[in-house]
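Trainee: Pasting my_file_6.csv below, which is CSV, C-alpha atoms and all ligand atoms.
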```csv
chain,number,residue,atom,x,y,z
H,194,MET,CA,-13.4,-21.5,26.3
H,195,ALA,CA,-10.1,-19.7,26.6
H,196,THR,CA,-8.7,-18.6,23.2
H,197,PRO,CA,-5.6,-20.6,22.2
H,198,TRP,CA,-3.4,-17.6,21.6
H,199,ASP,CA,-0.4,-19.8,20.5
H,200,GLU,CA,-2.5,-21.2,17.7
H,201,VAL,CA,-3.7,-17.7,16.7
H,202,ARG,CA,0.0,-16.7,16.4
H,203,ARG,CA,0.6,-19.5,13.9
H,204,ASP,CA,-1.8,-17.7,11.5
H,205,PHE,CA,0.8,-14.8,11.3
H,206,PRO,CA,4.0,-16.0,9.6
H,207,ALA,CA,5.6,-12.7,10.5
H,208,LEU,CA,5.6,-13.6,14.2
H,209,SER,CA,8.1,-16.4,13.8
H,210,ARG,CA,10.6,-13.9,12.3
H,211,HIS,CA,10.1,-10.8,14.5
H,212,VAL,CA,9.0,-9.5,17.9
H,213,TYR,CA,6.4,-7.5,16.2
H,214,LEU,CA,5.1,-4.7,18.5
H,215,ASN,CA,4.1,-2.3,15.8
H,216,ALA,CA,0.4,-2.6,15.0
H,217,ALA,CA,0.0,1.2,15.4
H,218,ALA,CA,2.1,1.5,12.2
H,219,ALA,CA,0.7,-1.6,10.4
H,220,SER,CA,0.0,-5.2,11.3
H,221,PRO,CA,1.2,-8.2,9.5
H,222,THR,CA,-1.8,-9.9,7.8
H,223,PRO,CA,-3.0,-13.4,8.9
H,224,ARG,CA,-3.1,-16.1,6.3
H,225,PRO,CA,-6.8,-15.9,5.4
H,226,VAL,CA,-6.2,-12.3,4.1
H,227,ARG,CA,-3.6,-13.4,1.6
H,228,GLU,CA,-5.8,-16.4,0.6
H,229,ALA,CA,-8.7,-14.1,-0.2
H,230,VAL,CA,-6.6,-11.7,-2.3
H,231,GLU,CA,-4.9,-14.6,-4.0
H,232,ARG,CA,-8.3,-16.2,-4.9
H,233,PHE,CA,-9.4,-12.9,-6.4
H,234,TYR,CA,-6.2,-12.5,-8.5
H,235,ARG,CA,-6.4,-16.1,-9.6
H,236,GLU,CA,-9.9,-15.6,-10.8
H,237,LEU,CA,-8.8,-12.5,-12.6
H,238,GLU,CA,-5.8,-14.2,-14.1
H,239,GLU,CA,-7.8,-17.1,-15.4
H,240,GLY,CA,-11.0,-15.4,-16.4
H,241,GLY,CA,-10.6,-11.7,-16.8
H,242,ASP,CA,-14.0,-10.0,-16.3
H,243,LEU,CA,-15.8,-13.4,-16.1
H,244,CYS,CA,-16.4,-13.2,-12.4
H,245,TRP,CA,-17.6,-9.5,-12.3
H,246,ASP,CA,-21.1,-10.4,-11.1
H,247,ALA,CA,-19.8,-12.8,-8.4
H,248,TRP,CA,-17.3,-10.2,-7.2
H,249,ARG,CA,-20.0,-7.5,-7.0
H,250,GLU,CA,-22.1,-9.9,-4.9
H,251,GLU,CA,-19.1,-10.7,-2.7
H,252,LEU,CA,-18.5,-7.0,-2.2
H,253,GLU,CA,-22.1,-6.6,-0.8
H,254,ARG,CA,-21.5,-9.6,1.6
H,255,VAL,CA,-18.3,-7.9,2.8
H,256,ARG,CA,-20.3,-4.7,3.3
H,257,VAL,CA,-22.8,-6.5,5.5
H,258,ARG,CA,-20.0,-8.1,7.6
H,259,VAL,CA,-18.0,-4.9,8.0
H,260,ALA,CA,-21.2,-2.9,8.9
H,261,SER,CA,-22.1,-5.4,11.6
H,262,PHE,CA,-18.5,-5.3,12.9
H,263,VAL,CA,-18.7,-1.6,13.7
H,264,GLY,CA,-22.4,-1.4,14.6
H,265,ALA,CA,-23.6,0.2,11.4
H,266,GLN,CA,-26.1,-0.6,8.7
H,267,PRO,CA,-24.7,-1.9,5.4
H,268,GLU,CA,-26.0,1.1,3.5
H,269,GLU,CA,-23.9,3.4,5.7
H,270,ILE,CA,-20.6,1.7,4.8
H,271,ALA,CA,-18.3,2.5,1.8
H,272,PHE,CA,-14.9,1.0,1.0
H,273,VAL,CA,-12.0,3.4,0.9
H,274,PRO,CA,-8.3,2.9,0.6
H,275,ASN,CA,-7.4,4.5,3.9
H,276,THR,CA,-8.6,6.7,6.7
H,277,THR,CA,-7.7,9.9,5.0
H,278,ALA,CA,-9.9,9.2,2.0
H,279,GLY,CA,-12.8,8.5,4.3
H,280,ILE,CA,-12.3,11.6,6.4
H,281,ASN,CA,-12.2,13.7,3.3
H,282,LEU,CA,-15.6,12.3,2.2
H,283,ILE,CA,-17.0,13.2,5.6
H,284,VAL,CA,-15.5,16.7,5.6
H,285,ASP,CA,-17.0,17.3,2.2
H,286,LEU,CA,-20.5,16.8,3.8
H,287,LEU,CA,-19.9,18.7,7.0
H,288,ALA,CA,-17.5,21.6,6.2
H,289,GLY,CA,-20.2,24.1,5.5
H,290,ASP,CA,-21.7,23.7,9.0
H,291,GLY,CA,-19.0,25.7,11.0
H,292,PRO,CA,-16.0,25.2,13.3
H,293,VAL,CA,-14.6,22.0,14.5
H,294,LEU,CA,-13.3,21.0,18.0
H,295,ALA,CA,-10.2,18.8,18.2
H,296,ASP,CA,-7.5,17.6,20.5
H,297,GLU,CA,-4.4,19.7,20.2
H,298,ARG,CA,-2.3,16.6,19.5
H,299,GLU,CA,-4.7,15.2,16.9
H,300,PHE,CA,-3.4,13.3,13.9
H,301,PRO,CA,-3.1,15.7,10.9
H,302,THR,CA,-5.7,13.8,8.8
H,303,VAL,CA,-8.4,14.6,11.4
H,304,THR,CA,-7.8,18.4,11.3
H,305,LEU,CA,-6.1,19.4,8.0
H,306,PRO,CA,-8.9,18.5,5.6
H,307,TRP,CA,-11.2,20.9,7.5
H,308,ILE,CA,-8.6,23.7,7.6
H,309,HIS,CA,-8.0,23.1,3.9
H,310,ARG,CA,-11.7,23.9,3.2
H,311,GLY,CA,-11.5,27.1,5.2
H,312,VAL,CA,-13.1,25.7,8.4
H,313,GLU,CA,-11.7,26.9,11.8
H,314,VAL,CA,-10.5,24.1,14.0
H,315,ARG,CA,-10.6,25.0,17.7
H,316,PHE,CA,-8.0,23.0,19.6
H,317,LEU,CA,-8.5,21.7,23.2
H,318,ARG,CA,-5.6,21.5,25.5
H,319,VAL,CA,-4.2,18.1,26.5
H,320,GLY,CA,-3.7,17.7,30.3
H,321,ALA,CA,-0.4,16.7,31.9
H,322,ASP,CA,-1.8,13.2,32.0
H,323,GLY,CA,-1.9,13.1,28.2
H,324,VAL,CA,-5.8,13.1,28.2
H,325,VAL,CA,-8.5,15.5,26.9
H,326,PRO,CA,-11.4,14.2,29.0
H,327,ALA,CA,-14.7,13.7,27.2
H,328,SER,CA,-16.2,16.3,29.6
H,329,ALA,CA,-13.9,19.0,28.0
H,330,TYR,CA,-16.0,18.6,24.8
H,331,ALA,CA,-19.3,19.3,26.6
H,332,GLU,CA,-21.1,22.3,25.1
H,333,GLU,CA,-20.9,24.3,28.3
H,334,ALA,CA,-17.2,23.7,28.6
H,335,ALA,CA,-15.9,23.9,25.1
H,336,PRO,CA,-15.8,26.7,22.4
H,337,PRO,CA,-18.8,26.7,20.1
H,338,ALA,CA,-18.5,24.2,17.2
H,339,ALA,CA,-20.6,22.3,14.7
H,340,THR,CA,-18.4,19.2,14.8
H,341,VAL,CA,-16.3,17.3,17.3
H,342,ALA,CA,-13.6,15.5,15.4
H,343,VAL,CA,-11.5,12.9,17.4
H,344,SER,CA,-9.5,9.8,17.1
H,345,HIS,CA,-10.9,7.0,19.1
H,346,VAL,CA,-7.3,6.2,20.0
H,347,GLN,CA,-4.6,8.9,19.7
H,348,TYR,CA,-1.7,8.0,17.5
H,349,GLY,CA,1.0,9.5,19.7
H,350,ASN,CA,0.4,8.4,23.3
H,351,GLY,CA,-2.4,5.9,22.7
H,352,CYS,CA,-5.0,7.8,24.8
H,353,ARG,CA,-8.4,6.0,24.2
H,354,GLN,CA,-11.3,8.4,24.1
H,355,ASP,CA,-14.7,7.5,25.6
H,356,LEU,CA,-16.7,7.6,22.4
H,357,LYS,CA,-19.9,6.6,24.1
H,358,ALA,CA,-19.6,9.5,26.5
H,359,LEU,CA,-18.8,11.9,23.6
H,360,GLY,CA,-21.9,10.6,21.8
H,361,ALA,CA,-24.0,11.3,24.9
H,362,LEU,CA,-22.8,14.8,25.3
H,363,LYS,CA,-22.4,16.0,21.7
H,364,GLY,CA,-25.8,17.7,21.6
H,365,ARG,CA,-26.5,19.0,18.1
H,366,ARG,CA,-22.9,18.8,17.0
H,367,HIS,CA,-21.6,16.1,14.6
H,368,LEU,CA,-19.3,13.5,16.1
H,369,VAL,CA,-16.6,12.5,13.5
H,370,VAL,CA,-14.1,9.8,14.4
H,371,SER,CA,-10.9,8.4,13.1
H,372,GLY,CA,-11.0,4.7,14.0
H,373,SER,CA,-7.6,4.1,12.5
H,374,GLN,CA,-5.9,3.2,15.8
H,375,SER,CA,-8.8,1.4,17.4
H,376,VAL,CA,-11.0,-0.6,15.0
H,377,GLY,CA,-9.9,-4.2,15.1
H,378,ALA,CA,-8.6,-3.9,18.7
H,379,PHE,CA,-11.5,-2.2,20.4
H,380,ALA,CA,-15.2,-2.9,19.8
H,381,VAL,CA,-16.9,0.0,18.2
H,382,ASP,CA,-20.7,0.6,18.1
H,383,VAL,CA,-21.2,3.6,15.9
H,384,GLY,CA,-25.0,3.2,15.9
H,385,GLY,CA,-25.4,2.7,19.6
H,386,TRP,CA,-22.9,5.5,20.5
H,387,GLY,CA,-24.3,8.3,18.4
H,388,VAL,CA,-21.2,8.6,16.1
H,389,ASP,CA,-22.2,10.4,12.9
H,390,ALA,CA,-19.2,9.4,10.8
H,391,LEU,CA,-16.1,7.3,11.2
H,392,ALA,CA,-13.2,6.3,8.9
H,393,SER,CA,-10.6,3.6,9.4
H,394,ALA,CA,-7.8,2.1,7.4
H,395,GLY,CA,-7.4,-1.6,7.4
H,396,HIS,CA,-3.7,-1.9,7.7
H,397,LYS,CA,-3.3,-1.3,11.4
H,398,TRP,CA,-5.4,-3.1,14.1
H,399,LEU,CA,-7.7,-4.6,11.5
H,400,CYS,CA,-4.9,-6.7,10.1
H,401,ALA,CA,-6.3,-6.3,6.5
H,402,GLY,CA,-3.2,-4.8,4.8
H,403,TYR,CA,-3.0,-1.6,2.9
H,404,GLY,CA,-5.7,-0.2,0.7
H,405,ALA,CA,-8.5,-1.9,2.7
H,406,GLY,CA,-10.4,0.7,4.7
H,407,LEU,CA,-13.9,1.7,5.4
H,408,VAL,CA,-16.0,4.8,6.0
H,409,PHE,CA,-19.3,5.0,7.9
H,410,ILE,CA,-21.7,7.9,7.4
H,411,ARG,CA,-24.9,7.9,9.3
H,412,ARG,CA,-28.0,7.3,7.2
H,413,GLY,CA,-29.7,10.6,8.1
H,414,LEU,CA,-26.7,12.5,6.8
H,415,LEU,CA,-26.5,10.5,3.6
H,416,ARG,CA,-30.2,11.3,2.9
H,417,GLU,CA,-29.8,15.0,3.7
H,418,ARG,CA,-26.5,15.7,1.9
H,419,PRO,CA,-25.3,14.7,-1.6
H,420,PRO,CA,-21.6,13.8,-1.9
H,421,ARG,CA,-19.2,16.2,-3.6
H,422,THR,CA,-17.8,13.5,-5.9
H,423,MET,CA,-19.8,11.0,-7.9
H,424,GLY,CA,-19.5,8.8,-11.0
H,425,TRP,CA,-21.3,6.3,-13.2
H,426,LEU,CA,-21.7,3.8,-10.3
H,427,SER,CA,-23.1,6.4,-7.9
H,428,VAL,CA,-26.5,6.2,-9.6
H,429,GLU,CA,-29.5,4.0,-9.2
H,430,ASP,CA,-29.3,2.5,-12.7
H,431,PRO,CA,-25.7,2.6,-13.8
H,432,PHE,CA,-26.2,0.1,-16.6
H,433,ALA,CA,-28.7,2.4,-18.4
H,434,PHE,CA,-25.5,4.4,-19.2
H,435,ASP,CA,-27.6,7.6,-19.2
H,436,ASN,CA,-25.1,10.4,-19.5
H,437,ARG,CA,-27.5,13.3,-18.8
H,438,ALA,CA,-30.0,12.4,-16.1
H,439,TYR,CA,-29.5,10.4,-13.0
H,440,ARG,CA,-30.9,9.5,-9.6
H,441,LEU,CA,-28.2,9.4,-7.0
H,442,LEU,CA,-28.1,6.4,-4.7
H,443,ASP,CA,-29.0,7.4,-1.2
H,444,THR,CA,-26.5,4.9,0.3
H,445,ASN,CA,-22.8,5.4,1.0
H,446,ARG,CA,-21.9,3.0,-1.8
H,447,ARG,CA,-22.4,6.0,-4.1
H,448,VAL,CA,-18.9,7.2,-3.2
H,449,GLU,CA,-17.5,4.1,-4.8
H,450,SER,CA,-18.1,5.9,-8.0
H,451,GLY,CA,-16.2,3.8,-10.5
H,452,CYS,CA,-15.1,0.2,-10.8
H,453,PRO,CA,-14.5,-1.3,-7.3
H,454,ALA,CA,-11.1,-1.8,-5.7
H,455,PHE,CA,-12.1,-5.5,-5.1
H,456,ALA,CA,-8.8,-6.7,-3.7
H,457,GLY,CA,-8.8,-4.3,-0.8
H,458,ALA,CA,-12.4,-4.9,0.1
H,459,PHE,CA,-11.9,-8.7,-0.1
H,460,ALA,CA,-8.9,-8.4,2.2
H,461,LEU,CA,-10.9,-6.3,4.6
H,462,GLY,CA,-13.7,-8.9,4.5
H,463,ALA,CA,-11.3,-11.8,5.2
H,464,ALA,CA,-9.7,-9.8,8.1
H,465,VAL,CA,-13.0,-9.0,9.7
H,466,ALA,CA,-14.2,-12.6,9.4
H,467,TYR,CA,-10.9,-13.7,11.0
H,468,LEU,CA,-11.2,-11.2,13.9
H,469,GLU,CA,-14.9,-12.3,14.4
H,470,SER,CA,-13.8,-15.9,14.6
H,471,ILE,CA,-11.6,-15.0,17.6
H,472,GLY,CA,-14.2,-12.6,19.0
H,473,LYS,CA,-14.2,-8.9,19.5
H,474,ASP,CA,-14.5,-9.1,23.3
H,475,ALA,CA,-11.7,-11.7,23.5
H,476,ILE,CA,-9.5,-9.4,21.4
H,477,GLU,CA,-10.2,-6.3,23.4
H,478,ALA,CA,-9.5,-8.1,26.7
H,479,ARG,CA,-6.2,-9.6,25.3
H,480,VAL,CA,-5.0,-6.2,24.0
H,481,LEU,CA,-5.7,-4.6,27.4
H,482,ALA,CA,-4.2,-7.5,29.4
H,483,LEU,CA,-0.9,-7.5,27.3
H,484,ASN,CA,-0.7,-3.7,27.5
H,485,ARG,CA,-1.2,-3.7,31.3
H,486,MET,CA,1.5,-6.4,31.6
H,487,LEU,CA,3.8,-4.2,29.6
H,488,THR,CA,3.2,-0.9,31.5
H,489,ASP,CA,3.3,-2.6,34.9
H,490,GLY,CA,6.6,-4.2,33.9
H,491,LEU,CA,8.1,-1.0,32.6
H,492,ALA,CA,7.2,0.8,35.8
H,493,ARG,CA,9.0,-2.0,37.8
H,494,ASP,CA,12.0,-1.5,35.4
H,495,GLY,CA,12.1,2.2,36.3
H,496,LEU,CA,11.1,3.3,32.7
H,497,ARG,CA,8.7,6.2,32.2
H,498,VAL,CA,5.4,5.5,30.5
H,499,LEU,CA,3.9,8.6,28.8
H,500,SER,CA,0.6,6.9,27.9
H,501,PRO,CA,-2.4,7.2,30.1
H,502,GLY,CA,-3.5,4.1,32.0
H,503,ASP,CA,-7.1,2.9,32.6
H,504,PRO,CA,-9.7,3.9,31.6
H,505,HIS,CA,-7.8,5.5,28.7
H,506,ARG,CA,-5.6,2.5,28.1
H,507,SER,CA,-5.3,1.2,24.6
H,508,GLY,CA,-2.8,-1.1,22.8
H,509,GLN,CA,-0.2,1.6,22.4
H,510,THR,CA,2.4,2.5,25.0
H,511,LEU,CA,4.7,5.5,24.6
H,512,VAL,CA,7.9,4.8,26.6
H,513,ALA,CA,10.2,7.8,27.3
H,514,VAL,CA,13.7,7.3,26.1
H,515,SER,CA,16.4,10.0,25.6
H,516,ASP,CA,17.4,9.0,22.1
H,517,PRO,CA,14.4,7.5,20.4
H,518,GLY,CA,16.1,7.0,17.0
H,519,ARG,CA,19.0,5.1,18.5
H,520,VAL,CA,16.8,3.0,20.7
H,521,THR,CA,14.4,2.1,17.9
H,522,ALA,CA,17.3,1.1,15.7
H,523,SER,CA,18.9,-0.9,18.5
H,524,LEU,CA,15.6,-2.7,19.1
H,525,ALA,CA,15.2,-3.4,15.4
H,526,ALA,CA,18.8,-4.9,15.4
H,527,ARG,CA,17.5,-7.3,18.0
H,528,GLY,CA,14.5,-8.2,15.9
H,529,ILE,CA,12.1,-6.1,18.0
H,530,LEU,CA,9.9,-3.8,15.9
H,531,VAL,CA,8.4,-0.6,17.4
H,532,THR,CA,8.0,3.0,16.2
H,533,GLU,CA,10.2,6.0,16.9
H,534,LYS,CA,8.4,9.1,18.3
H,535,PRO,CA,9.8,12.4,19.3
H,536,GLN,CA,9.4,11.7,23.1
H,537,GLY,CA,10.3,8.0,23.0
H,538,VAL,CA,9.4,4.7,21.4
H,539,ARG,CA,5.8,3.6,20.7
H,540,VAL,CA,5.2,-0.1,21.6
H,541,SER,CA,2.0,-1.7,20.3
H,542,THR,CA,0.4,-4.8,21.9
H,543,HIS,CA,-2.1,-6.5,19.7
H,544,PHE,CA,-3.9,-9.8,20.3
H,545,TYR,CA,-1.3,-11.7,18.3
H,546,ASN,CA,1.5,-10.7,20.6
H,547,SER,CA,2.7,-12.9,23.4
H,548,GLU,CA,3.9,-12.5,27.0
H,549,GLU,CA,7.3,-13.5,25.7
H,550,ASP,CA,7.3,-10.6,23.1
H,551,ILE,CA,6.7,-8.2,26.0
H,552,GLU,CA,9.4,-9.8,28.2
H,553,ARG,CA,11.9,-9.5,25.3
H,554,CYS,CA,11.1,-5.9,24.6
H,555,ARG,CA,11.4,-5.0,28.3
H,556,ALA,CA,14.7,-6.8,28.7
H,557,ALA,CA,16.1,-5.0,25.6
H,558,LEU,CA,14.8,-1.6,26.9
H,559,ARG,CA,16.4,-2.2,30.3
H,560,ASP,CA,19.6,-3.1,28.6
H,561,LEU,CA,19.6,0.0,26.4
H,562,ALA,CA,18.7,2.2,29.3
H,563,ARG,CA,21.8,0.9,31.2
H,564,SER,CA,24.1,1.6,28.3
L,601,LIG,C1,-5.5,8.3,14.4
L,601,LIG,C2,-5.1,8.3,12.9
L,601,LIG,N1,-5.9,8.8,12.0
L,601,LIG,C3,-5.6,8.8,10.7
L,601,LIG,C4,-4.4,8.3,10.3
L,601,LIG,C5,-4.1,8.3,8.8
L,601,LIG,O1,-4.3,7.1,8.3
L,601,LIG,P1,-4.2,6.7,6.7
L,601,LIG,O2,-2.8,6.7,6.3
L,601,LIG,O3,-4.9,5.4,6.7
L,601,LIG,O4,-5.0,7.7,5.9
L,601,LIG,C6,-3.5,7.8,11.2
L,601,LIG,C7,-2.2,7.2,10.7
L,601,LIG,O5,-1.3,6.8,11.5
L,601,LIG,C8,-3.8,7.8,12.6
L,601,LIG,O6,-3.0,7.3,13.5
```
For the structure just supplied, provide its representation as structure tokens.

Mentor:
Amino acid sequence: MATPWDEVRRDFPALSRHVYLNAAAASPTPRPVREAVERFYRELEEGGDLCWDAWREELERVRVRVASFVGAQPEEIAFVPNTTAGINLIVDLLAGDGPVLADEREFPTVTLPWIHRGVEVRFLRVGADGVVPASAYAEEAAPPAATVAVSHVQYGNGCRQDLKALGALKGRRHLVVSGSQSVGAFAVDVGGWGVDALASAGHKWLCAGYGAGLVFIRRGLLRERPPRTMGWLSVEDPFAFDNRAYRLLDTNRRVESGCPAFAGAFALGAAVAYLESIGKDAIEARVLALNRMLTDGLARDGLRVLSPGDPHRSGQTLVAVSDPGRVTASLAARGILVTEKPQGVRVSTHFYNSEEDIERCRAALRDLARS
């Protein structure tokens, strides 16, 4: 049955106020996310610590849901506030292994935590088409490295990397992924694709709001390598309150080392349940169809698209304009929200956008280009 996208839009109050084409910055949340967080704060307001056990149980149900959403096992998932926190946990485990390969236009969070720990990052050149093909990371083609660190979707031009191909050619190297610009829009199967670790915030394509992220670390790595940080809840029997001896959990939950950030995790759980109710495949197809409609239309309008097309297409389109600051502000004045980038404006198309959003954005860009 075709998804009733008009009904879906009604779940997002923000969409009746704005032409919201800015998921790559942050998405508005759908109603079930606020309801989940509200329920938690009402329980807290009315009962203090009374629901502690119920919340801990709910946290584990969310873990199962989130794990299944990205193709992981529940014990491989931990809740983190954002992508950066997750990447740092991953880098703590892998920094000792040697150099890292990355795309030269990679988001700073994917490269700086390695450099900060004294690891050399070897950058691969981006082609004129805005793409580093997966084949450039092959062992015979790339400089030697212990880890390949990539964004599934690049933040600047929206280039979607073929993670499955990277997983197939990584050899003995670790494959570390920022899913910040993809999880929620594109199906991810970390287990099936050979990803070793992935972190994603919840506030962009997952529609979960701020402070609601996840980090996946492959079970084998968790068993081999202890985390750098730990606390009273990282151990097998925290309620023994032993302050001298401990047995560390061998699951990723051990990095949630103190009292849980329940609200963020419940928001994430509600968002994932909401996305599942629409369907991952339906969402991915919708994101791609809207994006194709946008880029085809921009080409007809004579505007230059700097984002690669299929098969690297994502939900982000970088449109070249000569004065990105002025254009972004003029679009905002017309109620159209996008992000300013040095080379142009970044327009995001998520499943909750409509054909009319795209037409309005194109019409405004045409108008601004003329003036
Ligand atoms: C690809 C990518 N990775 C990581 C980040 C950092 O995200 P966070 O602020 O959630 O740590 C961003 C932010 O835009 C991003 O686009």

Trainee: Enumerate residues in contact with ligand LIG 601 (chain L): an atom-to-atom distance of at most 7 Å, counting only C-alpha atoms and all ligand atoms. Format the result as a list in words.

Mentor: Ala217, Ala218, Asn275, Thr276, Thr277, Ala278, Phe300, Thr302, Val303, Ser344, Val346, Gln347, Tyr348, Ser371, Gly372, Ser373, Gln374, Ser393 and Ala394 of chain H

Trainee: With distances taken over only C-alpha atoms, which of H:Gly311, H:Gly457, H:Gly349, H:Gly508 is nearest to Asn546 in chain H?

Mentor: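 Comparing H:Gly311, H:Gly457, H:Gly349, H:Gly508 against Asn546 in chain H, the winner is H:Gly508.
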
Trainee: Taking (-4.1, -2.3, 12.4) in the file's own coordinates, collect the residues within 6 Å, counting all atoms listed in the file, and hand them back as a list in words.

Mentor: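 Output: Ala216, Ala219, Ser220, His396, Lys397, Trp398, Leu399 and Cys400 of chain H.
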
Trainee: Using C-alpha atoms, can you write the selected residues to a file as a compact mmCIF listing (two decimals), in the coordinates of the input?

Mentor:
```txt
# COMPACT_ATOMS: atom_id res chain seq x y z
CA ALA H 216 0.40 -2.60 15.00
CA ALA H 219 0.70 -1.60 10.40
CA SER H 220 0.00 -5.20 11.30
CA HIS H 396 -3.70 -1.90 7.70
CA LYS H 397 -3.30 -1.30 11.40
CA TRP H 398 -5.40 -3.10 14.10
CA LEU H 399 -7.70 -4.60 11.50
CA CYS H 400 -4.90 -6.70 10.10
```

Trainee: Figure out the distance between CA of Ser209 in chain H and CA of Arg519 in chain H, please, to one decimal in Å.

Mentor: 24.6 Å

Trainee: Could you state the separation of CA of Arg258 in chain H and CA of Leu362 in chain H in Å, given to one decimal place?

Mentor: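 Going from CA of Arg258 in chain H over to CA of Leu362 in chain H, I get 29.1 Å.
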
Trainee: Using all atoms listed in the file, pick whichever of H:Leu282, H:Ile551, H:Leu391, H:Val312 has the shortest atom-to-atom distance to Leu483 in chain H.

Mentor: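 Of H:Leu282, H:Ile551, H:Leu391, H:Val312, the one nearest Leu483 in chain H, counting all atoms listed in the file, is H:Ile551.
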
Trainee: Which residue out of H:Leu442, H:Ala513, H:Val376, H:Ala358 has the minimum interatomic distance to Pro419 in chain H when all atoms listed in the file are used?

Mentor: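 Among H:Leu442, H:Ala513, H:Val376, H:Ala358, it is H:Leu442 that comes nearest to Pro419 in chain H.
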
Trainee: From the options H:Pro431, H:Gly537, H:Gly291, H:Gly490, which residue's atoms come nearest to Glu552 in chain H, counting only C-alpha atoms?

Mentor: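 Ranking H:Pro431, H:Gly537, H:Gly291, H:Gly490 by distance to Glu552 in chain H, first place goes to H:Gly490.
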
Trainee: With only C-alpha atoms as the atoms that count, which of H:Ile280, H:Leu487, H:Ala464, H:Ala456 lies nearest to Tyr234 in chain H?

Mentor: H:Ala456

Trainee: I'd like the neighbourhood of Leu530 in chain H as a list in words, where a residue qualifies if any of its atoms comes within 10 Å (using all atoms listed in the file), though same-chain residues fewer than 3 positions away should be ignored.

Mentor: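 Close residues of Leu530 in chain H: His211, Val212, Tyr213, Leu214, Asn215, Ala216, Thr521, Ala522, Ser523, Leu524, Ala525, Ala526, Arg527, Glu533, Arg539, Val540, Ser541 and Cys554 of chain H.
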
Trainee: Give me, please, the distance in Å between CA of Ala390 in chain H and CA of Lys357 in chain H, quoted to one decimal.

Mentor: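 So the answer is 13.6 Å.
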
Trainee: Taking only C-alpha atoms into account, name the residue in H:Val448, H:Val383, H:Leu496, H:Ile471 that is nearest to Glu200 in chain H.

Mentor: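 Going through H:Val448, H:Val383, H:Leu496, H:Ile471 one by one, the smallest distance to Glu200 in chain H is for H:Ile471.
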
Trainee: Residues within 12 Å of Arg365 in chain H, please, as number ranges by chain. Count all atoms listed in the file; anything in the same chain fewer than 4 positions from it doesn't count.

Mentor: H: 290, 331-332, 337-341, 359-361, 387-389
